[in-house]
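S.K.: This is the structure, below, for whatever I ask next.
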Amino acid sequence: MNKEETYEALYAEIASVVADERDAVANMANVSALVHERFGFWWTGFYRVVGEQLVLGPFQGPVACTRIAKGRGVCGTSWARGETVVVDDVHLFPGHIACSSASRSEIVVPVIEDGRVTGVLDIDSQYLKTFDQTDAAWLEKIVKLISIH
């Protein structure tokens, strides 16, 4: 399967898994696990907006930063802008937060509910230039399947 076909199948699987579940933590955990397993990314998980910070939620991968300020790093930038941020080389991103030195590229997709960002889906790869517009489009569709607040 190519990337598009993989995402299409993944989307259907996630839609099925979260369809009857209302618990935000359960859904974030399953989405993280399914995306992580399907693509073998370095780190896959959610941060939730709590006050003026992003706070670590369910994830797959090594230990992560627990709190991130709005506008800081790739996650905080995605939150502040309310848009997906794709970074080909995290070492070239101004203000990148190095939770893991193995991370080389990253995509962060905001979860937008009722017109406001309630969290972000953060995915790191240990390879450069892993993510593109196909990833952005499908991950934006995937996060619309769940509520995280």
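Residues in the structure tokens are named by chain (A, B, ... in the order shown) and by number from 1 within that chain; ligands are numbered from 1 in the order shown.
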Extract, using only C-alpha atoms, all DNA, RNA and protein residues at most 12 Å from Ala9 (chain A), discarding same-chain residues fewer than 6 positions from it, and format them as a PDB file with C-alpha atoms, in the first residue's frame.

M.R.:
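Output file result_33.pdb follows:
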```pdb
ATOM      1  CA  MET A   1       0.000   0.000   0.000  1.00  0.00           C
ATOM      2  CA  ASN A   2       1.150   3.527  -0.676  1.00  0.00           C
ATOM      3  CA  LYS A   3       0.883   6.276   1.956  1.00  0.00           C
ATOM      4  CA  ALA A  15     -13.344   5.848  12.937  1.00  0.00           C
ATOM      5  CA  SER A  16     -14.557   2.397  13.934  1.00  0.00           C
ATOM      6  CA  LEU A  34      -2.937   3.050  15.861  1.00  0.00           C
ATOM      7  CA  VAL A  35      -1.011   5.824  14.083  1.00  0.00           C
ATOM      8  CA  ARG A  38       0.821   1.672  11.409  1.00  0.00           C
ATOM      9  CA  TRP A 138      -5.117  12.776   6.664  1.00  0.00           C
ATOM     10  CA  ILE A 142      -8.245  11.892  11.908  1.00  0.00           C
TER      11      ILE A 142
END
```

S.K.: Compile the contact shell of Phe131 (chain A) as a list in words: residues with an atom at most 12 Å away, counting only C-alpha atoms, same-chain residues fewer than 5 positions apart removed.

M.R.: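 Skipping anything fewer than 5 positions along the chain leaves Lys3, Phe39, Phe41, Thr84, Val85, Val86, Val87, Asp88, Asp89, Val90, Arg104, Ser105, Glu106, Ile107, Val108, Val109, Asp122, Ile123, Asp124, Ser125, Gln126, Ala136, Ala137, Trp138 and Leu139 of chain A.
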
S.K.: Only N, CA and C atoms, please: the residues just picked out, written as a PDB file, in the first residue's frame.

M.R.:
```pdb
ATOM      1  N   LYS A   3       1.224   5.484   0.778  1.00  0.00           N
ATOM      2  CA  LYS A   3       0.883   6.276   1.956  1.00  0.00           C
ATOM      3  C   LYS A   3      -0.599   6.650   1.985  1.00  0.00           C
ATOM      4  N   PHE A  39       2.585   3.347  11.177  1.00  0.00           N
ATOM      5  CA  PHE A  39       3.681   4.006  10.461  1.00  0.00           C
ATOM      6  C   PHE A  39       5.050   3.814  11.106  1.00  0.00           C
ATOM      7  N   PHE A  41       6.388   5.486  13.629  1.00  0.00           N
ATOM      8  CA  PHE A  41       7.026   6.758  13.951  1.00  0.00           C
ATOM      9  C   PHE A  41       7.802   6.656  15.258  1.00  0.00           C
ATOM     10  N   THR A  84      -1.733  23.267  11.181  1.00  0.00           N
ATOM     11  CA  THR A  84      -0.748  22.191  11.129  1.00  0.00           C
ATOM     12  C   THR A  84       0.623  22.764  10.782  1.00  0.00           C
ATOM     13  N   VAL A  85       1.640  22.268  11.472  1.00  0.00           N
ATOM     14  CA  VAL A  85       3.019  22.676  11.218  1.00  0.00           C
ATOM     15  C   VAL A  85       3.818  21.430  10.855  1.00  0.00           C
ATOM     16  N   VAL A  86       4.449  21.470   9.687  1.00  0.00           N
ATOM     17  CA  VAL A  86       5.310  20.382   9.219  1.00  0.00           C
ATOM     18  C   VAL A  86       6.746  20.900   9.219  1.00  0.00           C
ATOM     19  N   VAL A  87       7.631  20.155   9.878  1.00  0.00           N
ATOM     20  CA  VAL A  87       9.029  20.559   9.979  1.00  0.00           C
ATOM     21  C   VAL A  87       9.906  19.444   9.420  1.00  0.00           C
ATOM     22  N   ASP A  88      10.626  19.743   8.348  1.00  0.00           N
ATOM     23  CA  ASP A  88      11.500  18.754   7.709  1.00  0.00           C
ATOM     24  C   ASP A  88      12.730  18.413   8.545  1.00  0.00           C
ATOM     25  N   ASP A  89      13.266  19.413   9.262  1.00  0.00           N
ATOM     26  CA  ASP A  89      14.451  19.212  10.103  1.00  0.00           C
ATOM     27  C   ASP A  89      14.248  20.032  11.373  1.00  0.00           C
ATOM     28  N   VAL A  90      13.944  19.365  12.478  1.00  0.00           N
ATOM     29  CA  VAL A  90      13.634  20.077  13.715  1.00  0.00           C
ATOM     30  C   VAL A  90      14.804  20.914  14.225  1.00  0.00           C
ATOM     31  N   ARG A 104      14.070  13.932  14.391  1.00  0.00           N
ATOM     32  CA  ARG A 104      14.678  14.682  13.284  1.00  0.00           C
ATOM     33  C   ARG A 104      13.667  15.515  12.502  1.00  0.00           C
ATOM     34  N   SER A 105      12.435  15.009  12.352  1.00  0.00           N
ATOM     35  CA  SER A 105      11.381  15.780  11.686  1.00  0.00           C
ATOM     36  C   SER A 105      10.095  15.608  12.487  1.00  0.00           C
ATOM     37  N   GLU A 106       9.125  16.520  12.230  1.00  0.00           N
ATOM     38  CA  GLU A 106       7.950  16.542  13.099  1.00  0.00           C
ATOM     39  C   GLU A 106       6.747  17.117  12.350  1.00  0.00           C
ATOM     40  N   ILE A 107       5.567  16.661  12.750  1.00  0.00           N
ATOM     41  CA  ILE A 107       4.320  17.253  12.305  1.00  0.00           C
ATOM     42  C   ILE A 107       3.441  17.423  13.544  1.00  0.00           C
ATOM     43  N   VAL A 108       2.805  18.584  13.640  1.00  0.00           N
ATOM     44  CA  VAL A 108       1.896  18.850  14.748  1.00  0.00           C
ATOM     45  C   VAL A 108       0.582  19.348  14.158  1.00  0.00           C
ATOM     46  N   VAL A 109      -0.498  18.669  14.545  1.00  0.00           N
ATOM     47  CA  VAL A 109      -1.832  18.966  14.024  1.00  0.00           C
ATOM     48  C   VAL A 109      -2.711  19.446  15.176  1.00  0.00           C
ATOM     49  N   ASP A 122       0.922  15.368  18.085  1.00  0.00           N
ATOM     50  CA  ASP A 122       2.338  15.583  17.793  1.00  0.00           C
ATOM     51  C   ASP A 122       2.950  14.261  17.351  1.00  0.00           C
ATOM     52  N   ILE A 123       3.642  14.283  16.213  1.00  0.00           N
ATOM     53  CA  ILE A 123       4.307  13.070  15.724  1.00  0.00           C
ATOM     54  C   ILE A 123       5.737  13.421  15.332  1.00  0.00           C
ATOM     55  N   ASP A 124       6.681  12.659  15.861  1.00  0.00           N
ATOM     56  CA  ASP A 124       8.102  12.848  15.557  1.00  0.00           C
ATOM     57  C   ASP A 124       8.622  11.632  14.804  1.00  0.00           C
ATOM     58  N   SER A 125       9.565  11.913  13.921  1.00  0.00           N
ATOM     59  CA  SER A 125      10.249  10.854  13.186  1.00  0.00           C
ATOM     60  C   SER A 125      11.746  10.961  13.454  1.00  0.00           C
ATOM     61  N   GLN A 126      12.411   9.836  13.411  1.00  0.00           N
ATOM     62  CA  GLN A 126      13.872   9.854  13.569  1.00  0.00           C
ATOM     63  C   GLN A 126      14.583  10.087  12.238  1.00  0.00           C
ATOM     64  N   ALA A 136      -0.403  15.659   6.502  1.00  0.00           N
ATOM     65  CA  ALA A 136      -1.167  16.773   7.082  1.00  0.00           C
ATOM     66  C   ALA A 136      -2.659  16.612   6.814  1.00  0.00           C
ATOM     67  N   ALA A 137      -3.024  16.342   5.582  1.00  0.00           N
ATOM     68  CA  ALA A 137      -4.441  16.234   5.217  1.00  0.00           C
ATOM     69  C   ALA A 137      -5.124  15.092   5.970  1.00  0.00           C
ATOM     70  N   TRP A 138      -4.497  13.923   6.010  1.00  0.00           N
ATOM     71  CA  TRP A 138      -5.117  12.776   6.664  1.00  0.00           C
ATOM     72  C   TRP A 138      -5.141  12.918   8.183  1.00  0.00           C
ATOM     73  N   LEU A 139      -4.077  13.438   8.761  1.00  0.00           N
ATOM     74  CA  LEU A 139      -4.057  13.605  10.215  1.00  0.00           C
ATOM     75  C   LEU A 139      -5.067  14.663  10.658  1.00  0.00           C
TER      76      LEU A 139
END
```

S.K.: With distances taken over only C-alpha atoms, which of A:Ala12, A:Ile97, A:Leu92, A:Leu56 is nearest to Gly71 (chain A)?

M.R.: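 Looking only at the distances to Gly71 (chain A), the closest residue turns out to be A:Ile97.
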
S.K.: I'd like to know which of A:Glu13, A:Glu52, A:Asp135, A:Glu21 is closest to Gly119 (chain A), using only C-alpha atoms.

M.R.: A:Glu52

S.K.: Which residues are close to Ala69 (chain A), i.e. within 7 Å by only C-alpha atoms, leaving aside same-chain residues fewer than 2 positions away? Reply as a compact mmCIF listing (two decimals) with all heavy atoms, in the first residue's frame.

M.R.:
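Okay, this is what ended up in part.txt:
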```txt
# COMPACT_ATOMS: atom_id res chain seq x y z
N GLU A 52 -2.83 27.92 30.19
CA GLU A 52 -1.93 28.54 29.22
C GLU A 52 -0.77 27.63 28.82
O GLU A 52 0.28 28.10 28.40
CB GLU A 52 -1.40 29.88 29.76
CG GLU A 52 -2.47 30.95 29.84
CD GLU A 52 -3.11 31.23 28.48
OE1 GLU A 52 -2.39 31.43 27.49
OE2 GLU A 52 -4.36 31.24 28.41
N GLN A 53 -0.98 26.32 28.97
CA GLN A 53 0.06 25.36 28.61
C GLN A 53 -0.54 24.17 27.88
O GLN A 53 -1.71 23.86 28.03
CB GLN A 53 0.77 24.84 29.86
CG GLN A 53 1.55 25.87 30.62
CD GLN A 53 2.27 25.23 31.79
OE1 GLN A 53 1.71 24.40 32.51
NE2 GLN A 53 3.52 25.60 31.99
N LEU A 54 0.32 23.51 27.12
CA LEU A 54 0.00 22.20 26.60
C LEU A 54 0.52 21.20 27.62
O LEU A 54 1.68 21.30 28.06
CB LEU A 54 0.69 21.95 25.25
CG LEU A 54 0.17 22.74 24.07
CD1 LEU A 54 1.09 22.55 22.86
CD2 LEU A 54 -1.25 22.30 23.71
N ARG A 67 5.15 19.68 29.81
CA ARG A 67 4.41 20.93 29.60
C ARG A 67 5.12 21.80 28.58
O ARG A 67 6.35 21.89 28.58
CB ARG A 67 4.28 21.69 30.91
CG ARG A 67 3.44 20.95 31.93
CD ARG A 67 3.33 21.69 33.25
NE ARG A 67 2.55 20.90 34.18
CZ ARG A 67 1.23 21.00 34.32
NH1 ARG A 67 0.55 21.86 33.60
NH2 ARG A 67 0.59 20.23 35.19
N GLY A 71 3.10 28.96 21.83
CA GLY A 71 4.06 29.62 20.96
C GLY A 71 5.46 29.08 21.03
O GLY A 71 6.33 29.48 20.27
N ARG A 72 5.71 28.12 21.92
CA ARG A 72 7.06 27.57 22.09
C ARG A 72 7.19 26.23 21.38
O ARG A 72 6.33 25.36 21.49
CB ARG A 72 7.34 27.39 23.58
CG ARG A 72 8.77 26.98 23.83
CD ARG A 72 9.30 27.52 25.14
NE ARG A 72 10.70 27.15 25.24
CZ ARG A 72 11.14 26.08 25.90
NH1 ARG A 72 10.30 25.31 26.55
NH2 ARG A 72 12.42 25.80 25.93
N GLY A 76 3.79 24.25 20.49
CA GLY A 76 3.26 25.55 20.91
C GLY A 76 2.99 26.47 19.74
O GLY A 76 2.05 27.28 19.78
```

S.K.: What is the distance, in Å and to one decimal place, between CA of Tyr47 (chain A) and CA of Leu121 (chain A)?

M.R.: 6.6 Å

S.K.: Counting only C-alpha atoms, figure out which residue out of A:Gln133, A:Pro62, A:Gly95, A:Arg48 gets nearest to Val111 (chain A).

M.R.: A:Arg48

S.K.: Run DSSP on the backbone and give me the residues of region 66-133 of chain A it puts in helix (DSSP H, G or I), as an NGL selection string.

M.R.: :A and (73-81 or 90-92 or 133)

S.K.: Please measure the separation of CA of Thr66 (chain A) and CA of Gly82 (chain A), giving the value in Å to one decimal.

M.R.: 20.4 Å

S.K.: Determine which residues of chain A receive a DSSP assignment of strand (DSSP E or B), computed from the backbone, and state them as a PyMOL selection string.

M.R.: chain A and resi 43-50+53-60+67-69+85-87+105-113+116-125

S.K.: Between CA of Trp42 (chain A) and CA of Arg22 (chain A), measure the distance and give it in Å to one decimal.

M.R.: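 About the pair CA of Trp42 (chain A) and CA of Arg22 (chain A): they are 27.6 Å apart.
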
S.K.: Rank A:Trp79, A:Tyr11, A:Phe59, A:Lys141 by their smallest atom-to-atom distance to Val25 (chain A), using only C-alpha atoms, and report the top residue only.

M.R.: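 Using only C-alpha atoms, the shortest distance to Val25 (chain A) belongs to A:Phe59.
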
S.K.: Tell me which of A:Pro58, A:Pro94, A:Gly51, A:Gly73 sits closest to Thr118 (chain A), counting only C-alpha atoms.

M.R.: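 Closest residue, counting only C-alpha atoms: A:Gly51.
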
S.K.: Kindly indicate which residue among A:Ser147, A:Ser78, A:Thr130, A:Ser101 lies nearest to Asp114 (chain A), using only C-alpha atoms for the distances.

M.R.: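 Using only C-alpha atoms, Asp114 (chain A) sits closest to A:Ser147.
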